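Chemist: Here you go, this is final.csv (CSV, C-alpha atoms and all ligand atoms).
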```csv
chain,number,residue,atom,x,y,z
A,1382,MET,CA,119.5,225.4,63.2
A,1383,GLY,CA,119.4,221.6,63.1
A,1384,LYS,CA,119.1,219.2,66.0
A,1385,LEU,CA,121.5,219.6,68.9
A,1386,PRO,CA,123.2,216.4,70.1
A,1387,VAL,CA,123.1,215.8,73.8
A,1388,LEU,CA,125.6,213.3,75.4
A,1389,GLY,CA,124.4,212.0,78.8
A,1390,HIS,CA,126.7,210.7,81.5
A,1391,ASP,CA,127.2,207.2,80.1
A,1392,ALA,CA,127.6,208.4,76.5
A,1393,VAL,CA,130.4,210.8,77.5
A,1394,LEU,CA,132.2,207.9,79.2
A,1395,ASP,CA,131.6,205.7,76.1
A,1396,ALA,CA,132.9,208.4,73.8
A,1397,VAL,CA,136.2,209.1,75.6
A,1398,SER,CA,138.4,206.4,77.1
A,1399,ALA,CA,140.6,207.1,80.1
A,1400,ALA,CA,143.7,206.7,77.9
A,1401,GLU,CA,142.4,209.3,75.4
A,1402,ALA,CA,141.4,211.7,78.2
A,1403,ILE,CA,144.9,211.6,79.5
A,1404,GLU,CA,146.4,212.4,76.0
A,1405,ARG,CA,143.8,215.2,75.4
A,1406,VAL,CA,144.3,216.8,78.8
A,1407,ARG,CA,148.0,216.7,78.4
A,1408,ASP,CA,147.7,218.4,75.0
A,1409,ALA,CA,145.3,221.0,76.5
A,1410,PHE,CA,147.9,222.1,79.0
A,1411,LEU,CA,150.5,222.4,76.2
A,1412,ARG,CA,148.1,224.5,74.0
A,1413,HIS,CA,147.1,226.7,76.9
A,1414,HIS,CA,150.8,227.2,77.8
A,1415,SER,CA,151.6,228.2,74.2
A,1416,GLY,CA,148.7,230.7,74.2
A,1417,ALA,CA,146.7,228.8,71.5
A,1418,TRP,CA,143.9,228.0,73.9
A,1419,THR,CA,142.4,230.7,76.2
A,1420,MET,CA,140.6,230.6,79.4
A,1421,PRO,CA,139.1,233.5,81.4
A,1422,ALA,CA,139.0,233.0,85.2
A,1423,LYS,CA,136.3,230.7,86.6
A,1424,VAL,CA,133.3,232.6,88.2
A,1425,TYR,CA,131.9,231.4,91.5
A,1426,LEU,CA,128.3,232.0,92.4
A,1427,GLU,CA,127.8,231.1,96.1
A,1428,SER,CA,124.6,229.4,97.1
A,1429,PRO,CA,124.8,229.5,100.8
A,1430,PRO,CA,124.4,227.4,102.9
A,1431,PHE,CA,124.3,224.6,100.2
A,1432,GLY,CA,127.4,225.1,98.0
A,1433,ASP,CA,128.3,227.0,94.9
A,1434,PHE,CA,127.9,227.2,91.1
A,1435,ARG,CA,130.9,227.7,88.8
A,1436,ALA,CA,130.9,229.1,85.3
A,1437,MET,CA,133.9,228.0,83.4
A,1438,PRO,CA,134.6,229.1,79.8
A,1439,ALA,CA,137.4,228.2,77.5
A,1440,ARG,CA,138.2,228.5,73.7
A,1441,GLY,CA,140.5,226.6,71.5
A,1442,ASP,CA,140.8,224.6,68.2
A,1443,GLY,CA,137.7,226.3,66.7
A,1444,LEU,CA,135.6,225.4,69.7
A,1445,ALA,CA,134.2,227.4,72.6
A,1446,LEU,CA,132.9,225.9,75.8
A,1447,LEU,CA,131.0,226.9,78.9
A,1448,LYS,CA,130.7,224.5,81.9
A,1449,TRP,CA,128.0,225.4,84.4
A,1450,VAL,CA,128.8,223.1,87.3
A,1451,THR,CA,128.2,222.8,91.0
A,1452,SER,CA,129.9,221.8,94.3
A,1453,PHE,CA,127.3,221.0,96.9
A,1454,PRO,CA,129.1,219.1,99.7
A,1455,GLY,CA,125.9,218.2,101.6
A,1456,ASN,CA,124.4,216.5,98.6
A,1457,PRO,CA,125.6,212.9,99.2
A,1458,ALA,CA,123.8,212.9,102.5
A,1459,ARG,CA,120.6,213.7,100.6
A,1460,GLY,CA,121.3,211.0,98.0
A,1461,LEU,CA,122.5,213.5,95.4
A,1462,PRO,CA,125.9,213.9,93.7
A,1463,THR,CA,128.2,216.6,94.9
A,1464,VAL,CA,128.9,217.7,91.3
A,1465,THR,CA,126.2,218.2,88.6
A,1466,GLY,CA,125.8,220.5,85.6
A,1467,ILE,CA,125.9,221.0,81.9
A,1468,VAL,CA,128.6,221.6,79.4
A,1469,CYS,CA,127.7,223.7,76.3
A,1470,LEU,CA,130.1,223.3,73.3
A,1471,SER,CA,129.9,225.9,70.5
A,1472,ASP,CA,131.5,226.7,67.2
A,1473,ALA,CA,134.0,229.4,67.9
A,1474,ARG,CA,133.7,230.8,64.4
A,1475,ASN,CA,130.0,231.5,64.3
A,1476,GLY,CA,128.7,230.8,67.9
A,1477,GLU,CA,126.5,227.9,66.9
A,1478,PRO,CA,125.9,225.5,69.7
A,1479,LEU,CA,127.3,222.1,68.7
A,1480,MET,CA,126.7,219.8,71.6
A,1481,LEU,CA,125.4,219.6,75.2
A,1482,LEU,CA,127.2,217.2,77.6
A,1483,ASP,CA,126.7,215.9,81.1
A,1484,ALA,CA,129.2,218.0,83.2
A,1485,ARG,CA,129.5,215.2,85.8
A,1486,ALA,CA,131.1,212.8,83.4
A,1487,VAL,CA,133.3,215.4,81.7
A,1488,THR,CA,134.5,216.6,85.1
A,1489,ALA,CA,135.2,213.2,86.4
A,1490,LEU,CA,137.2,212.2,83.3
A,1491,ARG,CA,139.2,215.4,83.1
A,1492,THR,CA,140.0,215.4,86.8
A,1493,GLY,CA,141.1,211.8,86.7
A,1494,ALA,CA,143.1,212.5,83.6
A,1495,VAL,CA,145.1,215.4,85.2
A,1496,ALA,CA,146.1,213.1,88.0
A,1497,ALA,CA,147.8,210.8,85.5
A,1498,VAL,CA,149.3,213.8,83.5
A,1499,ALA,CA,150.8,215.3,86.6
A,1500,ALA,CA,152.1,211.9,87.8
A,1501,GLY,CA,153.7,211.3,84.4
A,1502,ALA,CA,155.5,214.7,84.6
A,1503,LEU,CA,156.4,214.8,88.2
A,1504,ALA,CA,156.6,211.4,89.8
A,1505,ARG,CA,160.1,209.9,90.3
A,1506,GLU,CA,161.5,207.7,87.6
A,1507,GLY,CA,160.3,204.1,87.9
A,1508,ALA,CA,157.2,205.0,89.9
A,1509,THR,CA,154.8,202.1,89.7
A,1510,SER,CA,152.3,202.3,92.6
A,1511,ALA,CA,149.5,204.7,93.2
A,1512,GLY,CA,147.5,205.4,96.4
A,1513,ILE,CA,144.1,207.0,96.7
A,1514,LEU,CA,142.9,208.8,99.8
A,1515,GLY,CA,139.1,209.4,99.2
A,1516,CYS,CA,137.5,206.9,96.9
A,1517,GLY,CA,134.4,208.8,95.9
A,1518,LEU,CA,133.6,209.9,92.3
A,1519,HIS,CA,136.8,211.8,91.5
A,1520,GLY,CA,139.1,209.5,93.6
A,1521,ALA,CA,137.7,206.6,91.5
A,1522,TRP,CA,138.4,208.4,88.2
A,1523,SER,CA,141.9,209.4,89.4
A,1524,ALA,CA,142.6,205.7,90.1
A,1525,ARG,CA,141.1,204.6,86.7
A,1526,CYS,CA,143.3,207.1,84.8
A,1527,LEU,CA,146.4,206.1,86.8
A,1528,ALA,CA,145.7,202.5,86.0
A,1529,ALA,CA,145.2,203.4,82.3
A,1530,ALA,CA,148.6,205.2,82.5
A,1531,GLY,CA,150.3,202.0,83.7
A,1532,TYR,CA,150.1,202.0,87.5
A,1533,ALA,CA,149.5,198.3,87.9
A,1534,SER,CA,149.4,198.3,91.7
A,1535,GLY,CA,147.7,200.6,94.0
A,1536,VAL,CA,146.1,201.1,97.4
A,1537,CYS,CA,142.7,202.6,98.1
A,1538,HIS,CA,141.6,204.1,101.4
A,1539,ASP,CA,138.3,205.6,102.5
A,1540,PRO,CA,136.4,205.9,105.8
A,1541,ARG,CA,133.7,204.1,103.8
A,1542,PRO,CA,135.5,200.7,103.4
A,1543,ALA,CA,133.0,199.5,100.8
A,1544,ALA,CA,134.0,202.3,98.5
A,1545,ALA,CA,137.7,201.5,98.8
A,1546,GLU,CA,137.1,197.8,98.4
A,1547,ALA,CA,134.9,198.2,95.3
A,1548,LEU,CA,137.5,200.5,93.6
A,1549,ALA,CA,140.4,198.2,94.5
A,1550,ALA,CA,138.5,195.2,93.1
A,1551,GLU,CA,137.7,197.0,89.9
A,1552,LEU,CA,141.3,197.8,89.2
A,1553,GLY,CA,143.0,194.7,90.7
A,1554,TRP,CA,144.5,197.0,93.4
A,1555,SER,CA,144.1,196.5,97.2
A,1556,ALA,CA,142.2,198.4,99.9
A,1557,GLY,CA,144.3,199.4,102.8
A,1558,THR,CA,145.1,201.8,105.5
A,1559,LYS,CA,146.1,205.4,105.1
A,1560,SER,CA,149.7,204.4,106.0
A,1561,ALA,CA,149.7,201.8,103.2
A,1562,VAL,CA,148.5,204.5,100.7
A,1563,LEU,CA,151.3,206.8,101.8
A,1564,ARG,CA,153.9,204.1,101.0
A,1565,CYS,CA,152.9,204.3,97.3
A,1566,ASP,CA,155.0,206.3,94.8
A,1567,VAL,CA,152.1,208.6,93.8
A,1568,VAL,CA,149.3,209.6,96.2
A,1569,CYS,CA,146.1,211.3,95.2
A,1570,CYS,CA,144.1,213.1,97.9
A,1571,VAL,CA,140.5,213.4,96.7
A,1572,THR,CA,138.6,214.0,99.9
A,1573,PRO,CA,136.0,216.8,100.4
A,1574,GLY,CA,138.7,219.1,101.7
A,1575,ALA,CA,136.8,219.8,105.0
A,1576,GLU,CA,139.6,218.4,107.2
A,1577,ILE,CA,143.3,217.9,107.0
A,1578,VAL,CA,144.3,214.4,105.9
A,1579,LEU,CA,148.1,214.9,105.4
A,1580,ASP,CA,150.7,216.5,107.7
A,1581,ALA,CA,154.4,217.1,107.2
A,1582,GLY,CA,155.2,213.8,109.1
A,1583,ASP,CA,153.3,211.8,106.5
A,1584,LEU,CA,155.7,212.7,103.7
A,1585,ARG,CA,158.7,210.7,102.7
A,1586,PRO,CA,161.4,211.3,100.1
A,1587,GLY,CA,160.5,210.5,96.5
A,1588,LEU,CA,156.7,210.8,97.0
A,1589,HIS,CA,154.5,212.6,94.4
A,1590,LEU,CA,151.2,214.1,95.7
A,1591,ASN,CA,148.3,215.0,93.6
A,1592,MET,CA,146.1,217.3,95.7
A,1593,LEU,CA,142.7,217.2,94.0
A,1594,GLY,CA,140.1,217.7,96.7
A,1595,ALA,CA,140.7,221.4,97.6
A,1596,ASP,CA,139.2,223.1,94.6
A,1597,GLY,CA,137.6,226.2,96.1
A,1598,PRO,CA,138.0,228.7,98.9
A,1599,GLY,CA,138.1,227.4,102.4
A,1600,LYS,CA,139.1,223.8,101.5
A,1601,ALA,CA,142.4,222.1,102.3
A,1602,GLU,CA,143.6,218.5,102.6
A,1603,ALA,CA,147.2,219.1,103.7
A,1604,SER,CA,148.5,221.2,106.6
A,1605,ILE,CA,150.3,224.4,105.5
A,1606,GLY,CA,153.5,223.0,107.0
A,1607,ALA,CA,153.2,219.9,104.7
A,1608,VAL,CA,152.5,222.1,101.7
A,1609,ALA,CA,155.3,224.5,102.3
A,1610,SER,CA,157.8,221.6,102.7
A,1611,CYS,CA,157.2,220.2,99.1
A,1612,ALA,CA,158.4,221.2,95.6
A,1613,LEU,CA,155.2,222.9,94.4
A,1614,PHE,CA,153.3,222.7,91.1
A,1615,CYS,CA,149.8,223.9,90.1
A,1616,ASP,CA,147.4,223.8,87.2
A,1617,GLU,CA,146.9,227.5,87.1
A,1618,TRP,CA,148.4,230.0,89.6
A,1619,GLU,CA,145.4,232.4,89.9
A,1620,GLN,CA,143.0,229.6,90.8
A,1621,ALA,CA,145.4,227.7,92.9
A,1622,SER,CA,146.5,230.7,94.9
A,1623,HIS,CA,142.9,231.8,95.7
A,1624,GLY,CA,141.0,228.5,96.0
A,1625,GLY,CA,143.3,225.6,96.0
A,1626,GLU,CA,145.6,223.5,98.3
A,1627,LEU,CA,148.3,226.2,98.1
A,1628,THR,CA,146.0,229.0,99.3
A,1629,GLY,CA,146.6,228.5,103.1
A,1630,ALA,CA,150.4,228.4,102.8
A,1631,ILE,CA,150.4,231.5,100.6
A,1632,ALA,CA,148.1,233.4,103.0
A,1633,ALA,CA,150.5,232.4,105.9
A,1634,GLY,CA,153.4,233.9,103.9
A,1635,LEU,CA,155.2,230.5,103.6
A,1636,VAL,CA,154.8,230.2,99.8
A,1637,THR,CA,155.3,232.8,97.1
A,1638,ARG,CA,154.6,232.7,93.3
A,1639,GLU,CA,158.3,232.1,92.6
A,1640,ARG,CA,158.2,228.8,94.4
A,1641,VAL,CA,155.3,227.4,92.3
A,1642,THR,CA,155.6,226.0,88.8
A,1643,ASP,CA,152.8,225.7,86.3
A,1644,LEU,CA,152.3,222.1,85.1
A,1645,GLY,CA,152.0,223.4,81.5
A,1646,ALA,CA,155.5,224.9,81.7
A,1647,VAL,CA,156.9,221.6,82.9
A,1648,LEU,CA,155.1,219.7,80.1
A,1649,ALA,CA,156.4,222.2,77.5
A,1650,GLY,CA,159.9,221.6,78.8
A,1651,VAL,CA,160.5,225.3,79.7
A,1652,ALA,CA,160.5,224.8,83.5
A,1653,PRO,CA,162.1,222.1,85.6
A,1654,GLY,CA,159.9,219.4,87.1
A,1655,ARG,CA,161.0,217.2,90.0
A,1656,PRO,CA,164.1,218.6,91.6
A,1657,GLY,CA,165.6,215.2,92.3
A,1658,PRO,CA,164.7,211.6,93.2
A,1659,GLY,CA,164.4,212.4,96.9
A,1660,ALA,CA,162.1,215.4,96.6
A,1661,VAL,CA,158.5,215.4,97.6
A,1662,THR,CA,156.5,217.0,94.7
A,1663,LEU,CA,153.0,218.4,95.2
A,1664,PHE,CA,150.6,219.2,92.3
A,1665,ASP,CA,147.7,221.4,93.3
A,1666,SER,CA,144.7,220.7,90.9
A,1667,THR,CA,141.9,223.2,91.1
A,1668,GLY,CA,140.3,222.1,87.8
A,1669,LEU,CA,140.5,224.1,84.6
A,1670,ALA,CA,138.0,224.8,81.7
A,1671,ILE,CA,140.7,223.8,79.2
A,1672,GLN,CA,140.6,220.3,80.7
A,1673,ASP,CA,136.8,220.3,80.0
A,1674,LEU,CA,137.4,221.5,76.5
A,1675,ALA,CA,139.8,218.7,75.9
A,1676,ILE,CA,137.2,216.1,76.9
A,1677,ALA,CA,134.2,217.8,75.1
A,1678,GLY,CA,136.3,218.2,71.9
A,1679,ALA,CA,137.1,214.5,72.0
A,1680,ALA,CA,133.5,213.6,72.6
A,1681,LEU,CA,132.3,215.7,69.7
A,1682,GLN,CA,134.8,214.0,67.4
A,1683,ALA,CA,133.7,210.6,68.7
A,1684,TRP,CA,130.0,211.4,67.9
A,1685,ARG,CA,130.8,212.9,64.5
A,1686,SER,CA,132.7,209.7,63.6
A,1687,GLY,CA,129.8,207.6,64.6
A,1688,GLN,CA,131.6,206.0,67.6
A,1689,VAL,CA,128.8,207.1,70.0
A,1690,GLU,CA,125.1,207.9,69.7
A,1691,ALA,CA,123.5,211.1,71.1
A,1692,GLN,CA,120.0,212.1,72.0
A,1693,THR,CA,119.0,215.3,70.2
A,1694,VAL,CA,117.0,218.4,71.1
A,1695,GLU,CA,115.6,221.2,68.9
A,1696,LEU,CA,116.1,224.6,70.4
B,1701,LIG,N1,140.5,219.4,91.4
B,1701,LIG,C1,139.5,219.2,90.6
B,1701,LIG,O1,139.6,219.5,89.4
B,1701,LIG,C2,138.2,218.7,91.2
B,1701,LIG,C3,137.2,218.3,90.3
B,1701,LIG,C4,136.0,217.8,90.9
B,1701,LIG,C5,135.9,217.7,92.3
B,1701,LIG,N2,136.9,218.2,93.1
B,1701,LIG,C6,136.8,218.1,94.5
B,1701,LIG,O2,137.2,216.8,95.0
B,1701,LIG,C7,136.6,216.5,96.2
B,1701,LIG,C8,135.9,215.1,96.1
B,1701,LIG,O3,134.9,215.2,95.2
B,1701,LIG,P1,134.0,213.9,94.9
B,1701,LIG,O4,133.0,214.3,93.9
B,1701,LIG,O5,134.9,212.7,94.6
B,1701,LIG,O6,133.3,213.6,96.3
B,1701,LIG,P2,132.7,212.3,96.9
B,1701,LIG,O7,131.8,212.7,98.0
B,1701,LIG,O8,132.2,211.4,95.8
B,1701,LIG,O9,134.0,211.6,97.5
B,1701,LIG,C9,134.7,212.0,98.6
B,1701,LIG,C10,135.3,210.8,99.3
B,1701,LIG,O10,136.2,211.2,100.3
B,1701,LIG,C11,136.0,210.3,101.4
B,1701,LIG,N3,136.6,210.8,102.6
B,1701,LIG,C12,136.1,211.8,103.5
B,1701,LIG,N4,137.0,212.0,104.4
B,1701,LIG,C13,138.1,211.2,104.2
B,1701,LIG,C14,139.3,211.0,104.9
B,1701,LIG,N5,139.6,211.7,106.0
B,1701,LIG,N6,140.2,210.2,104.3
B,1701,LIG,C15,139.9,209.5,103.2
B,1701,LIG,N7,138.8,209.7,102.5
B,1701,LIG,C16,137.9,210.5,103.0
B,1701,LIG,C17,134.5,210.1,101.5
B,1701,LIG,O11,134.1,209.0,102.2
B,1701,LIG,C18,134.2,210.0,100.0
B,1701,LIG,O12,134.2,208.6,99.6
B,1701,LIG,C19,135.5,217.7,96.4
B,1701,LIG,O13,136.1,218.6,97.3
B,1701,LIG,C20,135.3,218.2,95.1
B,1701,LIG,O14,134.9,219.6,95.1
B,1701,LIG,C21,138.0,218.6,92.5
```
Write the structure described by the file as structure tokens, please.
Modeler:
Amino acid sequence: MGKLPVLGHDAVLDAVSAAEAIERVRDAFLRHHSGAWTMPAKVYLESPPFGDFRAMPARGDGLALLKWVTSFPGNPARGLPTVTGIVCLSDARNGEPLMLLDARAVTALRTGAVAAVAAGALAREGATSAGILGCGLHGAWSARCLAAAGYASGVCHDPRPAAAEALAAELGWSAGTKSAVLRCDVVCCVTPGAEIVLDAGDLRPGLHLNMLGADGPGKAEASIGAVASCALFCDEWEQASHGGELTGAIAAGLVTRERVTDLGAVLAGVAPGRPGPGAVTLFDSTGLAIQDLAIAGAALQAWRSGQVEAQTVEL
């Protein structure tokens, strides 16, 4: 076996632009919906009291992927990132490893990208402004991807004002209060999910919500009343119903499977999206391995075409 290319954090971001990430992630949802791409359930390995590891496999377009990634909520206090890990991309026809990639960059790109894909499918017609509640790593990439998708104005809010101001300055948006964020057409909640940041009284007609922070058991960013009052969409029902924003409302008996539409079905045109201009739509993102495959496949292509350089290792 030859030398295995390794793309570090910055190389992944050099290889795949926000605009390409959005296109690739959109396409991944369509391919998964059609059955061309497959994805077994994500496996959680708890590491109490620190956090958890997740093993996330997917296969499609001649490639197979495993992401070995973490969520360690206490890490920022120790000067470490919440999310770290490695993506291994292999040839699906013979099993040969093709590339290793930094999971942090892949995750950030694909998470930001899905915010733009969901907004494109579910926000009301003519939506132009985006709000970000929680301007950490994934809030920042949601904002960057929405900006790349044409959201020219936006409001960033974070209890760490410097984080909101830096993100707003980068994109030509503004930093503001939570109320200012909630006046935007599209609102992304990207907080740690340890406390409720949205209640039913915060919602107004025509709003689209991307709920990105609650991506595992025990996390929630919206009250169950708020969730139950929205037109509901998710990335994947099994994950969203067990470890997503929808989980609390489902456990309380307020939401059933019939009320929740998969984003892939909306994108494929086989299920309705927004019920009307005055509806409040809520997309529950828990993060899928097909999104990682979309980004890793694009990065492999960029390296093969000489667009980006890689370190190498000999196994
Ligand atoms: N859906 C997905 O696919 C996906 C992918 C990756 C991470 N996540 C989840 O997203 C969440 C955020 O991850 P991250 O890596 O960006 O974390 P992070 O620590 O970098 O950022 C979280 C931000 O939220 C801010 N915050 C905390 N409480 C807030 C509040 N009440 N209002 C507004 N902002 C508040 C913090 O100050 C911080 O800036 C985590 O729960 C993580 O597990 C989801």
Chemist: If we count all atoms listed in the file, what is near A:Gly1512 at a cut-off of 10 Å, once residues fewer than 3 positions away on the same chain are taken out, given as a PyMOL selection string?
Modeler: chain A and resi 1515+1520+1523-1524+1527+1532+1534-1538+1554-1557+1559-1570+1590
Chemist: Give me, as a short mmCIF file (atom, residue, chain, number, x, y, z; two decimals) with C-alpha atoms, keeping the file's coordinate frame, the set of residues whose atoms come within 6 Å of any atom of ligand LIG 1701 (chain B), counting all atoms listed in the file.
Modeler:
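Output file pocket_16.cif is given in full below:
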```cif
data_model
loop_
_atom_site.label_atom_id
_atom_site.label_comp_id
_atom_site.auth_asym_id
_atom_site.auth_seq_id
_atom_site.Cartn_x
_atom_site.Cartn_y
_atom_site.Cartn_z
CA SER A 1452 129.90 221.80 94.30
CA THR A 1463 128.20 216.60 94.90
CA VAL A 1464 128.90 217.70 91.30
CA THR A 1492 140.00 215.40 86.80
CA LEU A 1514 142.90 208.80 99.80
CA GLY A 1515 139.10 209.40 99.20
CA CYS A 1516 137.50 206.90 96.90
CA GLY A 1517 134.40 208.80 95.90
CA LEU A 1518 133.60 209.90 92.30
CA HIS A 1519 136.80 211.80 91.50
CA GLY A 1520 139.10 209.50 93.60
CA HIS A 1538 141.60 204.10 101.40
CA ASP A 1539 138.30 205.60 102.50
CA PRO A 1540 136.40 205.90 105.80
CA ARG A 1541 133.70 204.10 103.80
CA VAL A 1571 140.50 213.40 96.70
CA THR A 1572 138.60 214.00 99.90
CA PRO A 1573 136.00 216.80 100.40
CA GLY A 1574 138.70 219.10 101.70
CA VAL A 1578 144.30 214.40 105.90
CA LEU A 1593 142.70 217.20 94.00
CA GLY A 1594 140.10 217.70 96.70
CA ALA A 1595 140.70 221.40 97.60
CA ASP A 1596 139.20 223.10 94.60
CA SER A 1666 144.70 220.70 90.90
CA THR A 1667 141.90 223.20 91.10
CA GLY A 1668 140.30 222.10 87.80
#
```
Chemist: Any idea what the distance is between atom CA of A:Ala1677 and atom CA of A:Met1592?
Modeler: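 One can read the atom CA of A:Ala1677 to atom CA of A:Met1592 distance as 23.8 Å.
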Chemist: From the options A:Glu1617, A:Asp1483, A:Asp1442, A:Glu1477, which residue's atoms come nearest to A:His1390, counting all atoms listed in the file?
Modeler: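 Of the candidates, the smallest distance to A:His1390 is held by A:Asp1483.
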Chemist: Determine the nearest neighbour of A:His1623 from the options A:Ala1549, A:Ala1609, A:Ala1484, A:Ala1601, counting all atoms listed in the file.
Modeler: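 For A:His1623, the nearest of the given residues is A:Ala1601.
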Chemist: For each of A:Gly1460, A:Gly1645, A:Gly1624, A:Gly1587, take the minimum atom-to-atom distance to A:Ser1415, counting all atoms listed in the file, then give the residue where this is smallest.
Modeler: A:Gly1645
Chemist: Quick one: residues within 9 Å of (130.0, 220.8, 67.4) (file frame), counting all atoms listed in the file, please, as a PyMOL selection string.
Modeler: chain A and resi 1385-1386+1444+1470-1472+1477-1480+1678+1681-1682+1685
Chemist: Just C-alpha atoms for this one: save the residues we selected as an mmCIF file, keeping the file's coordinate frame.
Modeler:
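Contents of again-v2.cif, as written:
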```
data_model
loop_
_atom_site.group_PDB
_atom_site.id
_atom_site.type_symbol
_atom_site.label_atom_id
_atom_site.label_comp_id
_atom_site.auth_asym_id
_atom_site.auth_seq_id
_atom_site.Cartn_x
_atom_site.Cartn_y
_atom_site.Cartn_z
ATOM 1 C CA LEU A 1385 121.500 219.600 68.900
ATOM 2 C CA PRO A 1386 123.200 216.400 70.100
ATOM 3 C CA LEU A 1444 135.600 225.400 69.700
ATOM 4 C CA LEU A 1470 130.100 223.300 73.300
ATOM 5 C CA SER A 1471 129.900 225.900 70.500
ATOM 6 C CA ASP A 1472 131.500 226.700 67.200
ATOM 7 C CA GLU A 1477 126.500 227.900 66.900
ATOM 8 C CA PRO A 1478 125.900 225.500 69.700
ATOM 9 C CA LEU A 1479 127.300 222.100 68.700
ATOM 10 C CA MET A 1480 126.700 219.800 71.600
ATOM 11 C CA GLY A 1678 136.300 218.200 71.900
ATOM 12 C CA LEU A 1681 132.300 215.700 69.700
ATOM 13 C CA GLN A 1682 134.800 214.000 67.400
ATOM 14 C CA ARG A 1685 130.800 212.900 64.500
#
```
